[in-house]
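This is input_4.cif (mmCIF, C-alpha atoms, pLDDT in the B column; chains and numbers go by the auth columns).
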data_coords
#
loop_
_atom_site.group_PDB
_atom_site.id
_atom_site.type_symbol
_atom_site.label_atom_id
_atom_site.label_comp_id
_atom_site.label_asym_id
_atom_site.label_seq_id
_atom_site.Cartn_x
_atom_site.Cartn_y
_atom_site.Cartn_z
_atom_site.B_iso_or_equiv
_atom_site.auth_seq_id
_atom_site.auth_asym_id
ATOM 1 C CA MET A 1 43.407 4.511 6.981 35.00 1 Z
ATOM 2 C CA ALA A 2 43.065 2.607 10.266 34.00 2 Z
ATOM 3 C CA THR A 3 46.030 4.392 11.810 34.00 3 Z
ATOM 4 C CA GLN A 4 44.632 7.810 10.942 36.00 4 Z
ATOM 5 C CA THR A 5 41.277 6.886 12.451 38.00 5 Z
ATOM 6 C CA ARG A 6 42.899 5.764 15.705 39.00 6 Z
ATOM 7 C CA VAL A 7 44.873 8.990 16.035 39.00 7 Z
ATOM 8 C CA VAL A 8 41.944 11.259 15.285 47.00 8 Z
ATOM 9 C CA GLY A 9 39.702 9.025 17.366 48.00 9 Z
ATOM 10 C CA GLY A 10 41.881 9.747 20.384 54.00 10 Z
ATOM 11 C CA GLU A 11 41.492 13.466 19.770 56.00 11 Z
ATOM 12 C CA LEU A 12 37.740 12.995 19.460 54.00 12 Z
ATOM 13 C CA ALA A 13 37.550 11.018 22.685 52.00 13 Z
ATOM 14 C CA ARG A 14 39.351 13.736 24.608 65.00 14 Z
ATOM 15 C CA ALA A 15 37.441 16.703 23.197 64.00 15 Z
ATOM 16 C CA LEU A 16 33.960 15.347 22.551 74.00 16 Z
ATOM 17 C CA LYS A 17 33.566 12.185 24.622 77.00 17 Z
ATOM 18 C CA GLY A 18 30.862 13.568 26.882 82.00 18 Z
ATOM 19 C CA VAL A 19 28.863 15.152 24.073 85.00 19 Z
ATOM 20 C CA VAL A 20 29.034 12.048 21.876 87.00 20 Z
ATOM 21 C CA GLU A 21 28.094 9.666 24.670 88.00 21 Z
ATOM 22 C CA ALA A 22 25.140 11.845 25.692 89.00 22 Z
ATOM 23 C CA ARG A 23 23.668 11.771 22.175 93.00 23 Z
ATOM 24 C CA LYS A 24 24.857 8.405 20.923 95.00 24 Z
ATOM 25 C CA ALA A 25 21.941 6.218 21.978 96.00 25 Z
ATOM 26 C CA GLY A 26 19.369 8.756 20.781 96.00 26 Z
ATOM 27 C CA ILE A 27 21.057 9.093 17.390 97.00 27 Z
ATOM 28 C CA GLN A 28 21.226 5.324 16.947 97.00 28 Z
ATOM 29 C CA ARG A 29 17.557 4.816 17.861 97.00 29 Z
ATOM 30 C CA ALA A 30 16.360 7.626 15.614 97.00 30 Z
ATOM 31 C CA VAL A 31 18.395 6.553 12.571 98.00 31 Z
ATOM 32 C CA LEU A 32 17.482 2.865 12.929 97.00 32 Z
ATOM 33 C CA ALA A 33 13.771 3.633 13.361 97.00 33 Z
ATOM 34 C CA TRP A 34 13.874 5.874 10.294 96.00 34 Z
ATOM 35 C CA ALA A 35 15.643 3.158 8.287 95.00 35 Z
ATOM 36 C CA TYR A 36 13.224 0.399 9.354 94.00 36 Z
ATOM 37 C CA ASP A 37 10.258 2.461 8.157 92.00 37 Z
ATOM 38 C CA ARG A 38 11.589 2.860 4.622 91.00 38 Z
ATOM 39 C CA PRO A 39 12.244 0.451 1.754 90.00 39 Z
ATOM 40 C CA LEU A 40 15.827 -0.328 0.869 89.00 40 Z
ATOM 41 C CA ARG A 41 16.959 2.028 -1.890 91.00 41 Z
ATOM 42 C CA TYR A 42 19.947 0.069 -3.220 95.00 42 Z
ATOM 43 C CA PRO A 43 19.818 -3.756 -3.440 94.00 43 Z
ATOM 44 C CA TRP A 44 23.556 -4.181 -2.869 95.00 44 Z
ATOM 45 C CA ARG A 45 23.367 -2.419 0.517 93.00 45 Z
ATOM 46 C CA GLN A 46 21.841 -5.264 2.467 87.00 46 Z
ATOM 47 C CA SER A 47 23.156 -8.216 4.418 85.00 47 Z
ATOM 48 C CA GLY A 48 24.076 -11.282 2.424 87.00 48 Z
ATOM 49 C CA ARG A 49 25.564 -9.491 -0.574 93.00 49 Z
ATOM 50 C CA THR A 50 29.038 -10.487 -1.715 95.00 50 Z
ATOM 51 C CA PRO A 51 31.903 -7.971 -1.808 95.00 51 Z
ATOM 52 C CA TYR A 52 31.779 -8.210 -5.610 96.00 52 Z
ATOM 53 C CA GLU A 53 28.085 -7.301 -5.722 97.00 53 Z
ATOM 54 C CA VAL A 54 28.665 -4.319 -3.448 96.00 54 Z
ATOM 55 C CA LEU A 55 31.604 -3.184 -5.568 95.00 55 Z
ATOM 56 C CA VAL A 56 29.542 -3.347 -8.782 96.00 56 Z
ATOM 57 C CA GLY A 57 26.691 -1.402 -7.196 95.00 57 Z
ATOM 58 C CA GLU A 58 28.909 1.348 -5.840 93.00 58 Z
ATOM 59 C CA LEU A 59 30.760 1.694 -9.138 92.00 59 Z
ATOM 60 C CA ALA A 60 27.442 1.967 -10.973 93.00 60 Z
ATOM 61 C CA LEU A 61 26.216 4.589 -8.525 92.00 61 Z
ATOM 62 C CA ARG A 62 29.399 6.621 -8.888 86.00 62 Z
ATOM 63 C CA ASP A 63 28.758 7.406 -12.552 81.00 63 Z
ATOM 64 C CA THR A 64 24.964 7.357 -12.919 90.00 64 Z
ATOM 65 C CA ALA A 65 21.730 8.493 -11.279 93.00 65 Z
ATOM 66 C CA PRO A 66 20.252 6.172 -8.615 93.00 66 Z
ATOM 67 C CA LEU A 67 17.593 4.469 -10.756 95.00 67 Z
ATOM 68 C CA VAL A 68 20.009 3.998 -13.650 95.00 68 Z
ATOM 69 C CA ALA A 69 22.629 2.617 -11.252 96.00 69 Z
ATOM 70 C CA ILE A 70 20.184 0.003 -9.948 96.00 70 Z
ATOM 71 C CA ASN A 71 19.315 -1.165 -13.468 97.00 71 Z
ATOM 72 C CA LEU A 72 22.981 -1.225 -14.466 97.00 72 Z
ATOM 73 C CA TYR A 73 23.838 -3.202 -11.336 97.00 73 Z
ATOM 74 C CA HIS A 74 21.243 -5.877 -12.130 97.00 74 Z
ATOM 75 C CA SER A 75 22.395 -6.090 -15.750 97.00 75 Z
ATOM 76 C CA LEU A 76 26.057 -6.545 -14.801 97.00 76 Z
ATOM 77 C CA ILE A 77 25.413 -9.046 -12.014 96.00 77 Z
ATOM 78 C CA ARG A 78 23.160 -11.193 -14.224 96.00 78 Z
ATOM 79 C CA ARG A 79 25.765 -11.371 -17.005 96.00 79 Z
ATOM 80 C CA PHE A 80 28.940 -11.534 -14.918 96.00 80 Z
ATOM 81 C CA LEU A 81 28.323 -13.552 -11.762 95.00 81 Z
ATOM 82 C CA SER A 82 31.734 -12.992 -10.177 95.00 82 Z
ATOM 83 C CA ILE A 83 34.796 -10.775 -10.310 95.00 83 Z
ATOM 84 C CA GLN A 84 36.549 -13.625 -12.133 95.00 84 Z
ATOM 85 C CA ALA A 85 33.846 -13.703 -14.808 96.00 85 Z
ATOM 86 C CA LEU A 86 34.051 -9.954 -15.250 95.00 86 Z
ATOM 87 C CA ALA A 87 37.829 -10.015 -15.576 94.00 87 Z
ATOM 88 C CA ARG A 88 37.719 -12.821 -18.188 94.00 88 Z
ATOM 89 C CA ALA A 89 34.800 -11.412 -20.179 93.00 89 Z
ATOM 90 C CA PRO A 90 35.428 -10.240 -23.755 94.00 90 Z
ATOM 91 C CA GLU A 91 35.275 -6.468 -23.991 94.00 91 Z
ATOM 92 C CA ASP A 92 32.479 -6.749 -26.542 95.00 92 Z
ATOM 93 C CA ASP A 93 30.255 -8.490 -23.986 95.00 93 Z
ATOM 94 C CA LEU A 94 30.833 -5.756 -21.442 96.00 94 Z
ATOM 95 C CA ALA A 95 30.391 -3.055 -24.082 96.00 95 Z
ATOM 96 C CA GLU A 96 27.014 -4.552 -25.045 95.00 96 Z
ATOM 97 C CA ILE A 97 25.686 -3.839 -21.558 96.00 97 Z
ATOM 98 C CA LEU A 98 27.386 -0.524 -20.951 95.00 98 Z
ATOM 99 C CA SER A 99 26.396 0.915 -24.315 95.00 99 Z
ATOM 100 C CA SER A 100 22.707 0.553 -23.423 94.00 100 Z
ATOM 101 C CA PHE A 101 23.429 2.964 -20.563 94.00 101 Z
ATOM 102 C CA CYS A 102 25.654 5.232 -22.691 93.00 102 Z
ATOM 103 C CA LEU A 103 28.688 4.172 -20.652 94.00 103 Z
ATOM 104 C CA GLN A 104 30.687 2.297 -23.270 92.00 104 Z
ATOM 105 C CA GLN A 105 33.683 4.549 -22.600 93.00 105 Z
ATOM 106 C CA TYR A 106 34.210 2.717 -19.282 92.00 106 Z
ATOM 107 C CA VAL A 107 34.714 -0.772 -20.766 94.00 107 Z
ATOM 108 C CA ARG A 108 38.501 -0.809 -20.566 93.00 108 Z
ATOM 109 C CA GLN A 109 38.526 0.884 -17.179 91.00 109 Z
ATOM 110 C CA ILE A 110 36.181 -1.698 -15.624 92.00 110 Z
ATOM 111 C CA LYS A 111 38.092 -4.608 -17.140 93.00 111 Z
ATOM 112 C CA THR A 112 41.388 -3.253 -15.832 92.00 112 Z
ATOM 113 C CA LEU A 113 39.830 -2.672 -12.420 90.00 113 Z
ATOM 114 C CA ALA A 114 38.627 -6.279 -12.178 92.00 114 Z
ATOM 115 C CA GLU A 115 41.980 -7.655 -13.313 92.00 115 Z
ATOM 116 C CA SER A 116 43.871 -5.481 -10.834 91.00 116 Z
ATOM 117 C CA LEU A 117 41.692 -6.560 -7.913 91.00 117 Z
ATOM 118 C CA LEU A 118 42.135 -10.236 -8.758 91.00 118 Z
ATOM 119 C CA GLN A 119 45.883 -9.814 -8.944 90.00 119 Z
ATOM 120 C CA CYS A 120 45.938 -7.988 -5.625 87.00 120 Z
ATOM 121 C CA GLY A 121 43.661 -10.559 -3.960 86.00 121 Z
ATOM 122 C CA GLY A 122 45.484 -13.626 -5.272 87.00 122 Z
ATOM 123 C CA GLY A 123 42.639 -14.638 -7.557 88.00 123 Z
ATOM 124 C CA ASN A 124 39.790 -13.350 -5.388 88.00 124 Z
ATOM 125 C CA MET A 125 38.415 -10.058 -4.130 90.00 125 Z
ATOM 126 C CA PRO A 126 40.900 -8.631 -1.604 89.00 126 Z
ATOM 127 C CA ARG A 127 39.835 -8.343 2.023 87.00 127 Z
ATOM 128 C CA ASP A 128 42.267 -5.553 2.887 86.00 128 Z
ATOM 129 C CA SER A 129 40.641 -2.128 2.633 87.00 129 Z
ATOM 130 C CA GLN A 130 43.968 -0.564 1.671 85.00 130 Z
ATOM 131 C CA ALA A 131 44.064 -2.762 -1.428 84.00 131 Z
ATOM 132 C CA PHE A 132 40.976 -1.041 -2.820 86.00 132 Z
ATOM 133 C CA VAL A 133 42.488 2.370 -2.162 83.00 133 Z
ATOM 134 C CA LYS A 134 45.910 1.588 -3.631 81.00 134 Z
ATOM 135 C CA THR A 135 44.866 -0.690 -6.491 78.00 135 Z
ATOM 136 C CA ILE A 136 41.831 1.079 -7.957 78.00 136 Z
ATOM 137 C CA ARG A 137 41.830 4.335 -5.959 79.00 137 Z
ATOM 138 C CA LEU A 138 38.331 4.022 -4.535 82.00 138 Z
ATOM 139 C CA GLU A 139 37.165 6.746 -2.178 85.00 139 Z
ATOM 140 C CA HIS A 140 37.219 6.078 1.558 88.00 140 Z
ATOM 141 C CA SER A 141 33.414 5.957 1.733 91.00 141 Z
ATOM 142 C CA SER A 142 33.121 3.434 -1.120 91.00 142 Z
ATOM 143 C CA VAL A 143 35.707 1.177 0.514 92.00 143 Z
ATOM 144 C CA SER A 144 33.847 1.445 3.824 94.00 144 Z
ATOM 145 C CA ILE A 145 30.613 0.389 2.103 95.00 145 Z
ATOM 146 C CA ILE A 146 32.344 -2.689 0.667 94.00 146 Z
ATOM 147 C CA MET A 147 33.816 -3.559 4.060 94.00 147 Z
ATOM 148 C CA CYS A 148 30.474 -3.114 5.842 95.00 148 Z
ATOM 149 C CA PHE A 149 27.981 -4.619 3.398 95.00 149 Z
ATOM 150 C CA GLY A 150 30.289 -7.010 1.530 95.00 150 Z
ATOM 151 C CA TYR A 151 32.399 -8.371 4.384 94.00 151 Z
ATOM 152 C CA GLY A 152 29.996 -7.656 7.248 94.00 152 Z
ATOM 153 C CA LEU A 153 32.498 -5.595 9.227 95.00 153 Z
ATOM 154 C CA PRO A 154 31.424 -2.930 11.775 96.00 154 Z
ATOM 155 C CA VAL A 155 32.730 0.002 9.751 95.00 155 Z
ATOM 156 C CA SER A 156 31.019 3.376 9.599 96.00 156 Z
ATOM 157 C CA VAL A 157 30.373 5.004 6.221 95.00 157 Z
ATOM 158 C CA THR A 158 31.125 8.712 6.129 94.00 158 Z
ATOM 159 C CA ASP A 159 30.604 9.992 2.600 94.00 159 Z
ATOM 160 C CA HIS A 160 30.270 13.709 1.818 94.00 160 Z
ATOM 161 C CA ASN A 161 26.551 13.673 2.649 96.00 161 Z
ATOM 162 C CA VAL A 162 27.037 11.990 6.019 97.00 162 Z
ATOM 163 C CA SER A 163 29.950 14.342 6.737 95.00 163 Z
ATOM 164 C CA ARG A 164 27.602 17.271 6.189 95.00 164 Z
ATOM 165 C CA LEU A 165 24.982 15.760 8.494 96.00 165 Z
ATOM 166 C CA LEU A 166 27.501 15.121 11.275 95.00 166 Z
ATOM 167 C CA SER A 167 28.944 18.607 10.925 93.00 167 Z
ATOM 168 C CA ARG A 168 25.476 20.104 11.339 94.00 168 Z
ATOM 169 C CA LEU A 169 24.486 17.716 14.107 94.00 169 Z
ATOM 170 C CA PHE A 170 27.494 18.655 16.261 92.00 170 Z
ATOM 171 C CA ALA A 171 27.991 22.208 14.980 89.00 171 Z
ATOM 172 C CA GLY A 172 28.068 23.581 18.518 86.00 172 Z
ATOM 173 C CA ASN A 173 31.122 21.477 19.341 82.00 173 Z
ATOM 174 C CA PHE A 174 32.974 21.428 16.032 78.00 174 Z
ATOM 175 C CA PRO A 175 35.220 23.959 14.340 72.00 175 Z
ATOM 176 C CA ARG A 176 33.606 25.705 11.359 74.00 176 Z
ATOM 177 C CA GLU A 177 35.083 23.244 8.865 77.00 177 Z
ATOM 178 C CA PRO A 178 36.001 20.019 10.721 79.00 178 Z
ATOM 179 C CA GLU A 179 38.643 17.779 9.168 82.00 179 Z
ATOM 180 C CA GLN A 180 37.413 14.659 7.408 84.00 180 Z
ATOM 181 C CA GLY A 181 39.420 12.458 9.747 85.00 181 Z
ATOM 182 C CA LEU A 182 37.556 13.892 12.720 86.00 182 Z
ATOM 183 C CA LEU A 183 34.205 13.230 11.033 90.00 183 Z
ATOM 184 C CA GLN A 184 35.215 9.660 10.200 91.00 184 Z
ATOM 185 C CA ALA A 185 36.208 9.052 13.796 89.00 185 Z
ATOM 186 C CA LEU A 186 32.911 10.517 14.984 91.00 186 Z
ATOM 187 C CA GLY A 187 31.002 8.299 12.554 94.00 187 Z
ATOM 188 C CA GLN A 188 32.795 5.239 13.928 94.00 188 Z
ATOM 189 C CA ALA A 189 32.147 6.310 17.518 92.00 189 Z
ATOM 190 C CA LEU A 190 28.414 6.570 16.816 96.00 190 Z
ATOM 191 C CA LEU A 191 28.148 3.182 15.067 97.00 191 Z
ATOM 192 C CA PRO A 192 25.950 0.712 17.012 96.00 192 Z
ATOM 193 C CA ASP A 193 27.318 -2.686 18.012 94.00 193 Z
ATOM 194 C CA ARG A 194 24.387 -4.396 16.292 93.00 194 Z
ATOM 195 C CA ASP A 195 22.381 -3.592 13.149 94.00 195 Z
ATOM 196 C CA TYR A 196 25.240 -1.438 11.888 96.00 196 Z
ATOM 197 C CA GLN A 197 24.431 -2.282 8.260 96.00 197 Z
ATOM 198 C CA CYS A 198 20.878 -1.011 8.673 96.00 198 Z
ATOM 199 C CA TYR A 199 22.189 2.015 10.588 97.00 199 Z
ATOM 200 C CA ASN A 200 24.665 2.859 7.814 97.00 200 Z
ATOM 201 C CA CYS A 201 21.897 2.501 5.209 95.00 201 Z
ATOM 202 C CA GLY A 202 19.645 4.805 7.188 96.00 202 Z
ATOM 203 C CA LEU A 203 22.324 7.412 7.797 97.00 203 Z
ATOM 204 C CA LEU A 204 23.387 7.462 4.135 96.00 204 Z
ATOM 205 C CA ASP A 205 19.803 7.931 2.938 96.00 205 Z
ATOM 206 C CA LEU A 206 18.933 10.421 5.655 97.00 206 Z
ATOM 207 C CA ALA A 207 21.953 12.547 4.818 97.00 207 Z
ATOM 208 C CA GLU A 208 21.225 12.469 1.074 94.00 208 Z
ATOM 209 C CA LEU A 209 17.448 12.876 1.072 95.00 209 Z
ATOM 210 C CA VAL A 210 16.703 14.985 4.167 97.00 210 Z
ATOM 211 C CA CYS A 211 19.882 16.745 5.346 97.00 211 Z
ATOM 212 C CA ARG A 212 20.391 18.169 1.882 95.00 212 Z
ATOM 213 C CA HIS A 213 23.107 20.639 0.962 92.00 213 Z
ATOM 214 C CA GLU A 214 20.529 23.262 0.055 92.00 214 Z
ATOM 215 C CA GLU A 215 17.150 23.587 1.761 93.00 215 Z
ATOM 216 C CA PRO A 216 17.508 20.715 4.247 95.00 216 Z
ATOM 217 C CA LEU A 217 14.203 19.217 5.328 96.00 217 Z
ATOM 218 C CA CYS A 218 14.755 19.718 9.049 95.00 218 Z
ATOM 219 C CA ILE A 219 11.076 19.330 9.897 94.00 219 Z
ATOM 220 C CA GLN A 220 11.188 15.759 8.511 94.00 220 Z
ATOM 221 C CA CYS A 221 14.452 14.793 10.184 97.00 221 Z
ATOM 222 C CA PRO A 222 14.301 12.294 13.072 97.00 222 Z
ATOM 223 C CA LEU A 223 17.379 14.001 14.550 97.00 223 Z
ATOM 224 C CA LYS A 224 15.909 17.506 14.641 95.00 224 Z
ATOM 225 C CA ASP A 225 15.471 17.553 18.429 93.00 225 Z
ATOM 226 C CA ILE A 226 19.164 16.850 19.078 93.00 226 Z
ATOM 227 C CA CYS A 227 20.713 18.658 16.111 94.00 227 Z
ATOM 228 C CA ASP A 228 22.657 21.867 16.729 93.00 228 Z
ATOM 229 C CA SER A 229 21.678 23.233 13.306 92.00 229 Z
ATOM 230 C CA ALA A 230 18.043 22.204 12.862 89.00 230 Z
ATOM 231 C CA VAL A 231 15.691 24.943 11.763 83.00 231 Z
ATOM 232 C CA VAL A 232 12.154 23.947 12.720 69.00 232 Z
ATOM 233 C CA PRO A 233 9.202 26.370 12.673 70.00 233 Z
ATOM 234 C CA VAL A 234 7.655 26.986 16.077 59.00 234 Z
ATOM 235 C CA ALA A 235 4.052 25.799 16.203 57.00 235 Z
#
Please render this file's structure as structure tokens.
Amino acid sequence: MATQTRVVGGELARALKGVVEARKAGIQRAVLAWAYDRPLRYPWRQSGRTPYEVLVGELALRDTAPLVAINLYHSLIRRFLSIQALARAPEDDLAEILSSFCLQQYVRQIKTLAESLLQCGGGNMPRDSQAFVKTIRLEHSSVSIIMCFGYGLPVSVTDHNVSRLLSRLFAGNFPREPEQGLLQALGQALLPDRDYQCYNCGLLDLAELVCRHEEPLCIQCPLKDICDSAVVPVA
């Protein structure tokens, strides 16, 4: 993953360096200001959370709606305080929680996931991002969220929503369908040196709630003045 980002990042630097640098500070300010003005949507996406807590939250969000995911997250974290506790828990205990969310079919999968991570991490959560990809086949964006919010690393999060936002934002400089590696490198290039957790939170929410796949709310977007694709009615 890191190697691919470096290679594509070099391509990005050569082709888009001037454009990215010209917009970078404005994008960072706008996204951070937008994030500061809004309540945190997901409790596991804030500083101070453990990698295990972030993992549980992202897994819950992968299979349920946002509000359900938050309730499921709290239920799992209260009952199983660590990855070790989850791995050792009887399946009936896990099924008791999951069944209340109609997710009992995932009991064995979650247990196996926890056991695999402990084995890979030598009894703890692994710190190597590749371990999450190889061991439990998490998506790149989910791994990035764990690295950023769980381990506090300056890693950009480029899920499918953020990829769409970046593609629209730089549409005048991108091919029609830019490769995901290029978008990931762009996301990393735009990441601020400080407050990158808040920035990632803001960008994720902005991409999901405002820069929607259908009928994007351009008029509400803090990036509308520097976006190549914004459609804003003329007053």
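Counting all atoms listed in the file, Gln119 of chain Z has the following residues at most 12 Å away, ignoring those fewer than 4 positions along the same chain: Ile83, Gln84, Ala87, Thr112, Leu113, Ala114, Glu115, Gly123, Asn124, Met125, Pro126, Ala131, Phe132, Thr135 and Ile136 of chain Z.
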When distances are computed from only C-alpha atoms, which of Z:Ala30, Z:Val231, Z:Ile77, Z:Ala22 shows the smallest separation from Glu215 of chain Z? Z:Val231
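By all atoms listed in the file, and with residues fewer than 2 positions from segment 164-181 of chain Z along its chain excluded, the set lying at most 6 Å from it is Asn161, Val162, Leu183, Gln184, Ala207, Cys227, Asp228 and Ser229 of chain Z.
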May I have the protein, DNA and RNA residues with an atom at most 12 Å from (33.5, 0.3, 5.6), counting all atoms listed in the file in the file's coordinates, returned as a PyMOL selection string? chain Z and resi 1-2+45+51+54-55+127-130+132+138-159+184+187-188+191+196-197+200-201
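When all atoms listed in the file are used to measure the gap to Leu103 of chain Z, the shortest distance among Z:Ala60, Z:Leu182, Z:Ala89, Z:Val31 belongs to Z:Ala60.
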Give me, as a count of residues only, all polymer residues having an atom no more than 10 Å from Ala69 of chain Z, counting only C-alpha atoms and skipping those fewer than 6 positions away in the same chain. 11
For Pro216 of chain Z, please output as a compact mmCIF listing (two decimals) with C-alpha atoms, in the frame of the given file all residues within 9 Å (counting only C-alpha atoms; exclusion window: fewer than 6 positions along the same chain).
# COMPACT_ATOMS: atom_id res chain seq x y z
CA LEU Z 209 17.45 12.88 1.07
CA VAL Z 210 16.70 14.98 4.17
CA ALA Z 230 18.04 22.20 12.86
CA VAL Z 231 15.69 24.94 11.76
Report, in Å with one decimal, the straight-line distance from atom CA of Ala35 of chain Z to atom CA of Leu203 of chain Z. 7.9 Å
How about completing segment 135-154 of chain Z with N, CA and C atoms and giving it to me as a short mmCIF file (atom, residue, chain, number, x, y, z; two decimals), keeping the file's coordinate frame?
data_model
loop_
_atom_site.label_atom_id
_atom_site.label_comp_id
_atom_site.auth_asym_id
_atom_site.auth_seq_id
_atom_site.Cartn_x
_atom_site.Cartn_y
_atom_site.Cartn_z
N THR Z 135 44.95 -0.02 -5.20
CA THR Z 135 44.87 -0.69 -6.49
C THR Z 135 43.97 0.04 -7.47
N ILE Z 136 42.77 0.45 -7.02
CA ILE Z 136 41.83 1.08 -7.96
C ILE Z 136 41.39 2.46 -7.49
N ARG Z 137 42.03 2.95 -6.42
CA ARG Z 137 41.83 4.34 -5.96
C ARG Z 137 40.36 4.65 -5.66
N LEU Z 138 39.69 3.75 -4.97
CA LEU Z 138 38.33 4.02 -4.54
C LEU Z 138 38.34 5.02 -3.39
N GLU Z 139 37.29 5.81 -3.28
CA GLU Z 139 37.16 6.75 -2.18
C GLU Z 139 36.98 6.00 -0.86
N HIS Z 140 37.33 6.67 0.22
CA HIS Z 140 37.22 6.08 1.56
C HIS Z 140 35.80 5.57 1.82
N SER Z 141 34.79 6.35 1.45
CA SER Z 141 33.41 5.96 1.73
C SER Z 141 33.01 4.71 0.94
N SER Z 142 33.45 4.61 -0.31
CA SER Z 142 33.12 3.43 -1.12
C SER Z 142 33.78 2.18 -0.56
N VAL Z 143 35.01 2.31 -0.10
CA VAL Z 143 35.71 1.18 0.51
C VAL Z 143 34.99 0.77 1.80
N SER Z 144 34.56 1.74 2.58
CA SER Z 144 33.85 1.44 3.82
C SER Z 144 32.55 0.70 3.54
N ILE Z 145 31.85 1.08 2.48
CA ILE Z 145 30.61 0.39 2.10
C ILE Z 145 30.89 -1.06 1.75
N ILE Z 146 31.98 -1.32 1.02
CA ILE Z 146 32.34 -2.69 0.67
C ILE Z 146 32.69 -3.48 1.92
N MET Z 147 33.44 -2.87 2.83
CA MET Z 147 33.82 -3.56 4.06
C MET Z 147 32.59 -3.87 4.92
N CYS Z 148 31.66 -2.93 5.00
CA CYS Z 148 30.47 -3.11 5.84
C CYS Z 148 29.48 -4.08 5.23
N PHE Z 149 29.05 -3.83 4.00
CA PHE Z 149 27.98 -4.62 3.40
C PHE Z 149 28.49 -5.87 2.68
N GLY Z 150 29.74 -5.85 2.22
CA GLY Z 150 30.29 -7.01 1.53
C GLY Z 150 30.94 -8.01 2.47
N TYR Z 151 31.69 -7.50 3.45
CA TYR Z 151 32.40 -8.37 4.38
C TYR Z 151 31.75 -8.41 5.77
N GLY Z 152 30.71 -7.62 5.98
CA GLY Z 152 30.00 -7.66 7.25
C GLY Z 152 30.76 -7.09 8.42
N LEU Z 153 31.69 -6.16 8.17
CA LEU Z 153 32.50 -5.60 9.23
C LEU Z 153 31.83 -4.35 9.82
N PRO Z 154 32.02 -4.11 11.13
CA PRO Z 154 31.42 -2.93 11.78
C PRO Z 154 32.19 -1.66 11.46
#
